[in-house]
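Asker: Take this structure first; my questions come after.
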Amino acid sequence: MSTLSIRDLQVSVNVGEGEDKQILHGVDLTINSGETHAIMGPNGSGKSTLAYSIAGHPKYTITGGSVTLDGEDVLEMSVDERARAGLFLAMQYPVEVPGVSVSNFLRTAKTAIDGEAPKLRTWMKDLKTAMSDLQMDPEFAQRNVNEGFSGGEKKRHEIMQLELLKPKMAILDETDSGLDIDALRVVSEGVNRAKTETGAGVLLITHYTRILRYIKPDFVHVFVAGRIVEEGGPELSERLEVEGYERYAAGAGAAKIGD
Amino acid sequence: MAGAVETTDEVASHLHPAGSFDVDDHPMPNGREEIWRFTPLRRLAGALDRQPTGAGAVDYRVEAPGEVAVASLAPGQAPRGTVLVPSDRAAAIASAETADALHVKVPAEVVVADPVAVTVQAGGGRSNGHVVLDVGPFAKVTLLLDHRGTGVHTANLEVVVGDGAEVTVVSVQDWDRDAVHLGQHEALVGRDASYRHIVVSLGGDVVRLNSNVRYAGTGGGADLYGLYFADAGQHLEHRLFVDHNAPHTRSHVDYKGALQGRDARTVWVGDVLIRKIAEQIETYEINRNLVLTDGAQADSVPNLEIETGEIVSAGHASATGRFDDEQLFYLQSRGITEEDARRLVVRGFFAGLLERIGIETVRDRLTEAIERRLAEVGV
């Protein structure tokens with residue numbers, strides 16, 4: 001049983017010329033193993049900033065608050081230490097790494113996370129299974145990481161990593177964006193499989209309710225202007241589907257004036 | 001195309017004046033000349049002084065399959081001198097001071113499975129060399145020129161690629177740290193022939209190679225690849241000239257370099273001339289440099305001279321930069337340490353070029369050499 005605990009997290013980003021812009025204004029969130037939390041919010045609300053600052057992207061500066069995983073201070077860790085501690089971020093825009101094959105990359109990552117090289121035979125089998133589950137061509141393993149991948153291939157590749165690296169906590173940053181309905185189903189099944197197999201906690205960041213038909217959230221948090229403005233169960237996402245974010249936008253404006 | 005009567009010789013390249021065999025036609029440079037302005041003349045250790053090859057200064061060891069004829073050629077003895085006319089003083093000296101050029105001849109239609117390996121072992125002191133690779137029509141061969149040891153070496157390679165032939169040249173500069181090497185590699189690509197030229201420069205204090213291509217007919221293609229890795233204080237300079245002097249020809253230039261350490265210096269100059277007659281040609285050249293540490297400098301100068309617009313495509317690109325933070329973040333976010341992530345990125349950067357070296361033992365040796373370099377500075 002693991003717990004990712006985010007307390008009053010405040011984050012700014014450098015916007016050039018030494019100027020910082022505050023993006024997160026104090027976020028509180030607790031995720032336990034086996035739980036799925038959906039964070040929903042309009043564009044520009046800071047959802048991705050939350051994801052990337054937990055993962056440790058150097059672009060963001062933590063100006064206050066804390067993030068701990070089972071009591072360990074995540075913010076003190078380097079990016080790779082966070083991953084080895086059990087955090088995983090499925091990125092909205094995965095990065096190309098020319099000349100590095102998917103197979104080499106995955107094996108290197110698996111070795112780093114486990115602290116030892118996986119046994120070749122089980123590894124080849126696991127890789128094959130993960131690829132076939134996600135309906136990927138076997139040749140995929142020989143391609144260079146994210147180079148020339150379609151949007152759908154990139155997302156499948158992210159979820160394949162989730163399945164193979166078996167993190168304690170998985171943050172999925174708009175994994176649903178740019179996917180057609182078939183790809184969305186395949187990718188969602190991958191997330192559900194990973195959850196069932198490892199009991200990971202999931203933080204699902206999305207703009208749309210569509211993915212929540214396939215990945216059932218236990219908790220829904222509405223994220224507006226850098227903070228959580230409403231929380232509830234799955235019924236909250238249904239309400240958002242009907243009403244949209246407009247009513248929060250007004251509230252956020254008022255909150256801003258009050259700041 | 002009425003009126004297109006201009007012959008190829010009438011339009012000269014602005015960047016590449018006609019060459020000459022006479023050393024005196026190439027005055028001692030002062031460093032302000034366009035072709036010498038990047039080169040550290042004071043470190044050439046007499047390479048531009050006309051001197052004969054010293055006793056024991058160089059040994060050429062040739063390993064050639066039976067169907068390849070190995071002999072020697074005197075100056076002016078064809079095909080020597082039919083393709084390569086020295087374009088600078090170093091090449092003129094190398095030519096003038098080599099009485100017996102190594103002649104590697106592959107008869108027409110002979111497909112040579114194993115590479116012809118020429119190991120140039122320099123034993124210190126001044127040396128000159130000239131190799132003629134003479135490949136008949138529809139023949140196929142790979143030549144490895146493997147430079148090792150140390151000394152001050154000026155040397156030329158002259159390649160006749162017969163019509164429909166397939167020729168690969170791999171030139172490895174694996175010199176000791178203090179060697180000086182200046183050279184000219186010149187190829188004439190026959191009708192429908194294909195020429196691949198792969199340069200790998202790792203060693204030496206100063207290495208400066210001119211790699212040039214022109215065509216003997218239509219339909220020929222040339223791929224010029226290069227990989228270089230400069231350590232602290234090294235100067236590695238690669239100058240290319242593709243002369244599209246025939247229609248329907250193709251060229252592709254892809255050079256990649258890494259630099260690390262104080263005053264590591266690389267120069268890449270890629271010139272492509274598309275003559276008026278050269279309609280429907282395709283050319284692309286790219287140079288990328290990865291600067292791994294502070295204090296290193298990469299110069300990258302692509303030039304296109306275009307005399308006709310009636311072409312399929314022409315382009316060039318040049319990029320010099322440090323590690324891509326987003327790549328490192330992505331790899332690290334999967335648990336890979338920063339050090340390993342950097343190593344993966346550099347390996348990946350060179351992977352495509354190393355794969356093009358068809359000779360496995362050479363590829364493995366160079367891969368190891370690159371790994372050792374990276375380990376030195378903890379990249």
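Chain labels A, B, ... are given in the sequence in which chains occur in the structure tokens; within each chain residues are numbered consecutively from 1, and ligands are likewise numbered from 1 in the order shown.
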If we count only C-alpha atoms, which residues of chain B reach to within 7 Å of chain A? Please list them as a count of residues only.
Answerer: 16
Asker: With only C-alpha atoms as the counted atoms, please give the residues lying no more than 6 Å from Leu9 in chain A, apart from itself and same-chain residues fewer than 2 positions off, as a PDB file with N, CA and C atoms, in the first residue's frame.
Answerer:
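Below is the file that was written, selection_15.pdb:
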ATOM      1  N   ARG A   7       0.677  18.329  -0.769  1.00  0.00           N
ATOM      2  CA  ARG A   7       0.164  19.287   0.216  1.00  0.00           C
ATOM      3  C   ARG A   7       0.494  20.726  -0.181  1.00  0.00           C
ATOM      4  N   GLY A  26      -1.439  26.201  -4.666  1.00  0.00           N
ATOM      5  CA  GLY A  26      -1.741  25.412  -3.477  1.00  0.00           C
ATOM      6  C   GLY A  26      -2.674  24.263  -3.803  1.00  0.00           C
ATOM      7  N   VAL A  27      -2.080  23.106  -4.123  1.00  0.00           N
ATOM      8  CA  VAL A  27      -2.878  21.932  -4.496  1.00  0.00           C
ATOM      9  C   VAL A  27      -2.746  20.879  -3.398  1.00  0.00           C
ATOM     10  N   GLY A  64       6.368  26.345  -2.962  1.00  0.00           N
ATOM     11  CA  GLY A  64       5.812  26.049  -1.644  1.00  0.00           C
ATOM     12  C   GLY A  64       5.123  24.709  -1.639  1.00  0.00           C
ATOM     13  N   GLY A  65       4.923  24.165  -0.428  1.00  0.00           N
ATOM     14  CA  GLY A  65       4.204  22.914  -0.296  1.00  0.00           C
ATOM     15  C   GLY A  65       5.110  21.707  -0.354  1.00  0.00           C
ATOM     16  N   SER A  66       4.495  20.526  -0.377  1.00  0.00           N
ATOM     17  CA  SER A  66       5.288  19.292  -0.363  1.00  0.00           C
ATOM     18  C   SER A  66       4.630  18.197  -1.188  1.00  0.00           C
TER      19      SER A  66
END
Asker: Report as a PyMOL selection string: the residues of range 58-183 of chain A with a DSSP assignment of helix (DSSP H, G or I), based on the backbone of this structure.
Answerer: chain A and resi 74-76+79-85+102-114+120-133+138-142+151-165+181-183
Asker: Show which residues sit within 12 Å of Leu4 in chain A, as JSON, numbers by chain. Count only C-alpha atoms, and ignore same-chain residues fewer than 6 positions away.
Answerer: {"A": [28, 29, 30, 31, 32, 33, 34, 35, 37, 54, 66, 67, 68, 69, 70, 71, 72, 73, 74, 82, 85, 86, 87, 88, 168, 169, 170, 171, 200, 201, 202, 203]}
Asker: Identify, on the basis of only C-alpha atoms, every residue whose closest approach to His244 in chain B does not exceed 7 Å; exclude the query and any residue fewer than 2 positions from it along the same chain; express the result as a ChimeraX atom specification.
Answerer: /B:214-215,242,246,249,273-275,278
Asker: Now that the selection is made, can you save its residues with C-alpha atoms as a PDB file, in the first residue's frame?
Answerer:
ATOM      1  CA  ARG B 214      31.977  14.748 -59.501  1.00  0.00           C
ATOM      2  CA  TYR B 215      30.207  12.701 -62.104  1.00  0.00           C
ATOM      3  CA  VAL B 242      30.009  17.836 -54.620  1.00  0.00           C
ATOM      4  CA  ALA B 246      25.838  15.999 -64.999  1.00  0.00           C
ATOM      5  CA  THR B 249      22.689  12.819 -60.531  1.00  0.00           C
ATOM      6  CA  LEU B 273      27.692  23.202 -57.000  1.00  0.00           C
ATOM      7  CA  ILE B 274      24.796  22.599 -59.340  1.00  0.00           C
ATOM      8  CA  ARG B 275      26.009  23.453 -62.806  1.00  0.00           C
ATOM      9  CA  ALA B 278      22.905  19.483 -64.093  1.00  0.00           C
TER      10      ALA B 278
END
Asker: Determine, counting only C-alpha atoms, which protein, DNA and RNA residues have an atom within 9 Å of an atom of Val267 in chain B; residues of the same chain fewer than 3 positions away are not included. Present the result as a ChimeraX atom specification.
Answerer: /B:38-39,208,235-239,297-301
Asker: What are the DSSP strand (DSSP E) residues of range 104-338 of chain B, as a VMD selection string?
Answerer: chain B and resid 104 to 106 116 to 135 140 to 161 166 to 173 180 to 189 194 to 201 206 to 215 221 to 230 235 to 244 250 to 259 265 to 274 282 to 291 297 to 306 313 to 321
Asker: Would you pick out the contacts of Ala225 in chain A at 7 Å or less, using only C-alpha atoms, so that residues sharing its chain but fewer than 2 positions from it are not included, and give the list as a PyMOL selection string?
Answerer: chain A and resi 45-46+223+227+252
Asker: Using only C-alpha atoms, please write the residues we just selected to a file, as a PDB file, in the first residue's frame.
Answerer:
ATOM      1  CA  SER A  45      -5.739  25.505 -15.760  1.00  0.00           C
ATOM      2  CA  GLY A  46      -2.346  24.066 -14.723  1.00  0.00           C
ATOM      3  CA  PHE A 223      -9.045  21.916 -11.545  1.00  0.00           C
ATOM      4  CA  ARG A 227      -6.165  24.826  -7.791  1.00  0.00           C
ATOM      5  CA  ALA A 252     -12.279  31.314 -10.657  1.00  0.00           C
TER       6      ALA A 252
END
Asker: Residues near range 126-139 of chain A, anyone? I mean within 7 Å using only C-alpha atoms, not counting same-chain ones fewer than 5 positions away, as a list in words.
Answerer: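 Using only C-alpha atoms, the neighbours found are Arg156, Met160, Val186, Val187 and Gly190 of chain A.
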